[in-house]
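Structure file data.txt with compact mmCIF, C-alpha atoms:
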```txt
# COMPACT_ATOMS: atom_id res chain seq x y z
CA MET E 1 -66.80 -152.60 147.23
CA THR E 2 -69.89 -150.47 147.71
CA PRO E 3 -70.30 -147.41 145.52
CA VAL E 4 -69.25 -144.15 147.13
CA GLY E 5 -72.07 -142.62 149.11
CA LEU E 6 -72.74 -140.52 152.18
CA PRO E 7 -70.86 -142.80 154.68
CA HIS E 8 -67.67 -142.53 152.64
CA PHE E 9 -67.70 -138.76 152.91
CA LEU E 10 -68.56 -138.94 156.60
CA ILE E 11 -65.67 -141.30 157.29
CA LEU E 12 -63.28 -139.08 155.33
CA SER E 13 -64.37 -136.11 157.37
CA ALA E 14 -64.08 -138.11 160.61
CA ALA E 15 -60.50 -139.00 159.70
CA LEU E 16 -59.70 -135.35 158.92
CA PHE E 17 -61.31 -134.30 162.20
CA CYS E 18 -59.21 -136.76 164.17
CA LEU E 19 -56.00 -135.65 162.46
CA GLY E 20 -56.88 -132.05 163.32
CA LEU E 21 -57.70 -133.03 166.90
CA LEU E 22 -54.37 -134.82 167.16
CA ALA E 23 -52.56 -131.68 166.02
CA VAL E 24 -54.52 -129.50 168.43
CA ILE E 25 -53.90 -131.57 171.54
CA SER E 26 -50.35 -132.75 170.92
CA LYS E 27 -48.45 -129.96 169.16
CA LYS E 28 -46.40 -127.47 171.09
CA ASN E 29 -46.22 -124.71 168.50
CA ALA E 30 -49.22 -122.37 168.49
CA VAL E 31 -49.22 -121.99 164.70
CA THR E 32 -49.43 -125.78 164.25
CA VAL E 33 -52.35 -125.88 166.67
CA LEU E 34 -54.04 -123.29 164.44
CA MET E 35 -53.43 -125.51 161.42
CA GLY E 36 -55.13 -128.32 163.30
CA VAL E 37 -58.11 -126.06 163.97
CA GLU E 38 -58.33 -125.33 160.24
CA LEU E 39 -58.39 -129.08 159.53
CA ILE E 40 -61.24 -129.55 162.01
CA ILE E 41 -63.20 -126.70 160.40
CA ASN E 42 -62.71 -128.26 156.97
CA ALA E 43 -63.91 -131.63 158.26
CA ALA E 44 -67.08 -130.00 159.57
CA ASN E 45 -67.55 -128.26 156.24
CA ILE E 46 -67.30 -131.55 154.32
CA ASN E 47 -70.07 -132.88 156.55
CA PHE E 48 -72.28 -129.87 155.90
CA ILE E 49 -71.89 -130.18 152.16
CA ALA E 50 -72.24 -133.96 152.09
CA PHE E 51 -75.51 -133.77 154.00
CA SER E 52 -76.64 -130.96 151.74
CA ARG E 53 -76.04 -133.23 148.75
CA TYR E 54 -77.30 -136.57 150.02
CA VAL E 55 -79.97 -135.81 152.62
CA ASP E 56 -81.40 -132.40 151.97
CA ASN E 57 -81.17 -131.75 148.24
CA ASP E 58 -81.18 -127.98 148.45
CA LEU E 59 -78.40 -125.49 148.98
CA ASP E 60 -78.81 -124.70 152.68
CA GLY E 61 -75.81 -126.82 153.63
CA GLN E 62 -73.67 -125.08 151.05
CA MET E 63 -74.72 -121.69 152.40
CA PHE E 64 -73.57 -122.87 155.82
CA GLY E 65 -70.31 -123.86 154.19
CA VAL E 66 -69.82 -120.35 152.83
CA PHE E 67 -70.42 -118.82 156.24
CA VAL E 68 -68.14 -121.33 157.93
CA ILE E 69 -65.31 -120.43 155.56
CA ILE E 70 -65.77 -116.71 156.26
CA ALA E 71 -65.85 -117.27 160.02
CA ALA E 72 -62.72 -119.43 159.73
CA ALA E 73 -60.93 -116.63 157.92
CA ALA E 74 -61.85 -114.14 160.65
CA GLY E 75 -60.77 -116.61 163.31
CA ALA E 76 -57.44 -117.29 161.65
CA ALA E 77 -56.66 -113.57 161.41
CA VAL E 78 -57.40 -112.91 165.09
CA ALA E 79 -55.58 -116.04 166.24
CA LEU E 80 -52.50 -115.09 164.23
CA ALA E 81 -52.51 -111.64 165.84
CA ILE E 82 -52.68 -113.27 169.27
CA VAL E 83 -49.80 -115.59 168.37
CA LEU E 84 -47.68 -112.65 167.25
CA ASN E 85 -48.43 -110.84 170.50
CA ILE E 86 -47.43 -113.91 172.52
CA TYR E 87 -44.22 -114.07 170.53
CA GLN E 88 -43.41 -110.42 171.22
CA ARG E 89 -43.97 -110.82 174.93
CA MET E 90 -42.43 -114.24 175.53
CA LYS E 91 -40.04 -114.65 172.59
CA SER E 92 -41.57 -118.07 171.93
CA VAL E 93 -44.82 -119.47 170.57
CA ASN E 94 -44.62 -122.79 172.37
CA LEU E 95 -47.85 -123.17 174.26
CA ASP E 96 -46.26 -125.01 177.17
CA GLU E 97 -44.00 -122.03 177.82
CA ALA E 98 -46.82 -119.46 177.80
CA ASP E 99 -47.71 -120.26 181.39
CA SER E 100 -47.35 -116.94 183.21
CA LEU E 101 -50.96 -117.24 184.42
CA ALA E 102 -50.27 -120.64 185.96
CA GLY E 103 -49.93 -120.61 189.75
CA MET N 104 -65.45 -148.92 140.06
CA THR N 105 -66.83 -145.83 138.36
CA THR N 106 -64.97 -142.64 137.58
CA PHE N 107 -66.75 -140.95 140.48
CA ASP N 108 -65.52 -143.58 142.94
CA PHE N 109 -62.01 -143.45 141.57
CA THR N 110 -61.90 -139.65 141.83
CA PHE N 111 -63.25 -139.80 145.36
CA TYR N 112 -60.60 -142.24 146.49
CA ALA N 113 -57.85 -140.28 144.73
CA PHE N 114 -58.84 -137.02 146.41
CA SER N 115 -59.36 -138.74 149.77
CA ILE N 116 -55.91 -140.28 149.68
CA LEU N 117 -54.39 -136.92 148.69
CA THR N 118 -56.22 -135.16 151.50
CA LEU N 119 -55.50 -137.69 154.22
CA LEU N 120 -51.85 -138.17 153.24
CA SER N 121 -51.11 -134.46 153.22
CA ALA N 122 -53.04 -133.93 156.45
CA SER N 123 -50.94 -136.70 158.00
CA VAL N 124 -47.80 -134.97 156.77
CA MET N 125 -49.07 -131.82 158.47
CA VAL N 126 -49.76 -133.62 161.73
CA PHE N 127 -46.73 -135.88 161.94
CA SER N 128 -44.03 -133.63 160.51
CA LYS N 129 -41.78 -131.71 162.87
CA ASN N 130 -40.75 -129.05 160.37
CA LEU N 131 -43.20 -126.14 160.31
CA ILE N 132 -42.70 -125.49 156.60
CA HIS N 133 -43.51 -129.13 155.83
CA CYS N 134 -46.63 -128.72 157.97
CA ALA N 135 -47.73 -125.71 155.92
CA VAL N 136 -47.11 -127.46 152.59
CA GLY N 137 -49.00 -130.53 153.81
CA LEU N 138 -51.91 -128.32 154.75
CA LEU N 139 -51.79 -126.70 151.30
CA PHE N 140 -52.29 -130.03 149.55
CA ALA N 141 -54.93 -131.08 152.07
CA PHE N 142 -56.91 -127.93 151.20
CA PHE N 143 -56.60 -128.73 147.50
CA GLY N 144 -57.85 -132.26 148.10
CA ILE N 145 -60.81 -130.94 150.07
CA ALA N 146 -61.65 -128.59 147.20
CA GLY N 147 -61.74 -131.67 144.95
CA ILE N 148 -64.10 -133.38 147.41
CA TYR N 149 -66.37 -130.31 147.24
CA VAL N 150 -66.51 -130.64 143.45
CA LEU N 151 -67.55 -134.28 143.84
CA LEU N 152 -70.34 -133.10 146.15
CA ALA N 153 -71.65 -130.74 143.44
CA ALA N 154 -70.44 -127.64 145.30
CA ASP N 155 -68.47 -125.92 142.56
CA PHE N 156 -68.74 -122.43 144.04
CA LEU N 157 -67.49 -123.64 147.41
CA ALA N 158 -64.59 -125.43 145.78
CA ALA N 159 -63.51 -122.17 144.16
CA VAL N 160 -63.97 -120.30 147.42
CA GLN N 161 -61.95 -122.97 149.21
CA VAL N 162 -59.02 -122.56 146.85
CA LEU N 163 -59.23 -118.75 146.93
CA ILE N 164 -59.65 -118.23 150.66
CA TYR N 165 -57.91 -121.19 152.24
CA VAL N 166 -55.02 -121.66 149.84
CA GLY N 167 -54.70 -118.02 148.87
CA GLY N 168 -55.54 -116.39 152.18
CA ILE N 169 -55.45 -118.47 155.32
CA LEU N 170 -52.43 -120.53 154.35
CA VAL N 171 -50.43 -117.41 153.48
CA LEU N 172 -51.49 -115.96 156.81
CA LEU N 173 -50.30 -119.11 158.60
CA LEU N 174 -46.99 -118.97 156.73
CA PHE N 175 -46.60 -115.36 157.85
CA GLY N 176 -47.26 -116.60 161.37
CA VAL N 177 -44.50 -119.19 161.00
CA MET N 178 -42.07 -116.71 159.53
CA LEU N 179 -42.72 -113.92 162.02
CA SER N 180 -42.72 -116.07 165.11
CA GLN N 181 -39.54 -118.09 164.58
CA ARG N 182 -35.92 -117.11 164.62
CA ILE N 183 -35.45 -117.66 160.92
CA ALA N 184 -31.74 -116.90 161.20
CA GLY N 185 -31.34 -120.01 163.31
CA VAL N 186 -32.17 -123.46 162.00
CA ASN N 187 -34.92 -123.98 164.52
CA ILE N 188 -38.25 -123.99 162.65
CA GLU N 189 -39.51 -127.06 164.38
CA THR N 190 -42.39 -127.98 166.59
CA GLY N 191 -42.29 -130.55 169.33
CA THR N 192 -45.15 -132.63 170.63
CA LEU N 193 -46.53 -133.19 174.10
CA GLN N 194 -48.18 -136.40 175.32
CA PHE N 195 -48.22 -137.81 171.81
CA ILE N 196 -49.19 -141.42 172.63
CA PRO N 197 -52.23 -140.56 174.81
CA ALA N 198 -53.32 -138.03 172.17
CA LEU N 199 -53.04 -140.72 169.50
CA LEU N 200 -55.16 -143.06 171.62
CA VAL N 201 -57.86 -140.44 172.20
CA CYS N 202 -58.01 -139.60 168.50
CA GLY N 203 -58.18 -143.28 167.57
CA VAL N 204 -61.13 -143.80 169.91
CA VAL N 205 -62.91 -140.70 168.56
CA PHE N 206 -62.35 -141.91 165.01
CA ALA N 207 -63.71 -145.36 165.83
CA ILE N 208 -66.85 -143.86 167.38
CA LEU N 209 -67.43 -141.49 164.44
CA THR N 210 -66.92 -144.26 161.88
CA HIS N 211 -69.30 -146.53 163.76
CA LEU N 212 -71.90 -143.74 163.79
CA ALA N 213 -71.47 -143.03 160.08
CA LEU N 214 -71.87 -146.67 159.17
CA LYS N 215 -74.62 -147.73 161.56
CA THR N 216 -76.97 -144.76 161.35
CA ARG N 217 -79.81 -145.14 158.88
CA TRP N 218 -79.67 -141.84 157.01
CA SER N 219 -82.85 -140.70 155.30
CA LEU N 220 -81.28 -140.37 151.89
CA MET N 221 -82.89 -138.44 149.06
CA PRO N 222 -82.44 -139.35 145.40
CA LEU N 223 -79.47 -137.45 144.04
CA ALA N 224 -80.17 -134.28 142.12
CA GLU N 225 -78.38 -133.59 138.85
CA MET N 226 -75.10 -131.73 139.26
CA ALA N 227 -75.80 -128.15 138.27
CA PRO N 228 -73.86 -124.89 138.62
CA THR N 229 -74.58 -123.44 142.05
CA SER N 230 -73.09 -119.96 141.98
CA ARG N 231 -76.20 -118.24 140.60
CA THR N 232 -78.45 -119.86 143.22
CA ILE N 233 -76.01 -119.08 146.02
CA GLY N 234 -75.82 -115.45 144.89
CA ASN N 235 -79.58 -115.19 144.85
CA LEU N 236 -79.89 -116.81 148.27
CA LEU N 237 -77.26 -114.46 149.72
CA MET N 238 -79.27 -111.46 148.59
CA THR N 239 -82.70 -112.77 149.64
CA GLU N 240 -83.11 -115.52 152.21
CA TYR N 241 -79.66 -115.21 153.78
CA LEU N 242 -79.35 -111.42 153.64
CA LEU N 243 -79.26 -110.91 157.42
CA PRO N 244 -76.61 -113.59 158.14
CA PHE N 245 -74.63 -112.22 155.21
CA GLU N 246 -74.61 -108.70 156.65
CA ILE N 247 -73.83 -109.95 160.14
CA ILE N 248 -70.90 -112.03 158.97
CA SER N 249 -69.65 -109.04 156.95
CA ILE N 250 -69.58 -106.95 160.11
CA LEU N 251 -67.93 -109.82 161.99
CA LEU N 252 -65.22 -110.14 159.35
CA LEU N 253 -64.60 -106.38 159.29
CA ALA N 254 -64.40 -106.20 163.08
CA ALA N 255 -62.14 -109.25 163.28
CA LEU N 256 -59.74 -107.93 160.65
CA VAL N 257 -59.56 -104.44 162.19
CA GLY N 258 -59.03 -106.03 165.61
CA ALA N 259 -56.35 -108.36 164.27
CA ALA N 260 -54.50 -105.50 162.57
CA PHE N 261 -54.70 -103.45 165.77
CA MET N 262 -53.51 -106.28 167.99
CA ALA N 263 -50.63 -107.27 165.75
CA ARG N 264 -49.18 -103.77 165.57
CA ARG N 265 -45.73 -103.67 167.03
CA GLU N 266 -46.09 -100.34 168.84
CA ALA N 267 -49.45 -101.29 170.35
CA ARG N 268 -47.97 -101.57 173.82
```
As structure tokens, how would this structure be written, given the file I've shared?
Amino acid sequence: MTPVGLPHFLILSAALFCLGLLAVISKKNAVTVLMGVELIINAANINFIAFSRYVDNDLDGQMFGVFVIIAAAAGAAVALAIVLNIYQRMKSVNLDEADSLAG
Amino acid sequence: MTTFDFTFYAFSILTLLSASVMVFSKNLIHCAVGLLFAFFGIAGIYVLLAADFLAAVQVLIYVGGILVLLLFGVMLSQRIAGVNIETGTLQFIPALLVCGVVFAILTHLALKTRWSLMPLAEMAPTSRTIGNLLMTEYLLPFEIISILLLAALVGAAFMARREAR
């Protein structure tokens, strides 16, 4: 068994990304889709920090990580507000029922 | 197997198991709890990558902030009085196939690429350096993201108001 290095972290983040992708494209509930987006963002962040540790050796990747977390917080707040608005209008947050724009 | 390897595998298994619970569970509350433990596991991974400040931020913002926000979303958007806090899935088998293919490609890339690795630096506390960088080299992005966060939160509060219509 090889000692843990950069590829291990990359594979972990790939697995997290795929789980998040699975949630985003297969879940009906809008809040669960949001949770999947958070998983994807975290996978990207693991990559940033792993590269910052193994390839770059300074803190630029970690600074990106800080900004990514802040942007994710802003995104989650806005997305939740949108979900609540959808719920008020349609009495449901299932994405397949929010189809009033469909022809 | 060194302590580092053991810790890595422990945190990876915690993260992936709880993320799977989040993805495969039908109950929204189970999803949220799975996500909670996944975030904790990721914070542990950050510590292993010598990012102690980010690990603390991860626990504070994700576990303390975003997850609570998501739980509010669950609570406010479901008829709690009924038993129905569940989420269905659409096209689950094709989605599983697509994700499997994506995972295979990413794993192949991670293993086959010849990364230009640097010798590892000593693990050192990072919060002082990050604070200095935020006030010097990254001052402009810091201010911009502050404005972004303020605007997003004001917008979210405005949009979510009940009497907005």
### Message
Under the rule that all atoms listed in the file are counted, which of N:Phe142, N:Ala122, N:Leu200, N:Ala154 is the nearest residue to Arg231 in chain N?
### Response
N:Ala154
### Task
Might you pull out every residue within 7 Å of Ala14 in chain E, with only C-alpha atoms counted and same-chain residues fewer than 3 positions away left off, and present them as a PyMOL selection string?
(chain E and resi 10-11+17-18+43) or (chain N and resi 206+209-210)
### Task
Up to 8 Å from chain N, what residues of chain E turn up? Count only C-alpha atoms and give them as a PyMOL selection string.
chain E and resi 3-4+7+10-12+14-16+18-23+25-29+31-32+35-36+39+42+46+49-50+53-57+59+62-63+65-67+69-71+73-85+87+92-93
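The smallest atom-to-atom distance between Leu139 in chain N and any of N:Ala113, N:Ala227, N:Ala159, N:Val171, using all atoms listed in the file, is found for N:Val171.
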### Summary
Correct to one decimal, the distance CA of Ile40 in chain E-CA of Asn235 in chain N is 28.9 Å
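For the atom pair formed by CA of Val150 in chain N and CA of Met238 in chain N, the distance is 23.6 Å, given to one decimal.
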## Note on the structure
A straight line from CA of Leu242 in chain N to CA of Gly167 in chain N spans 26.0 Å
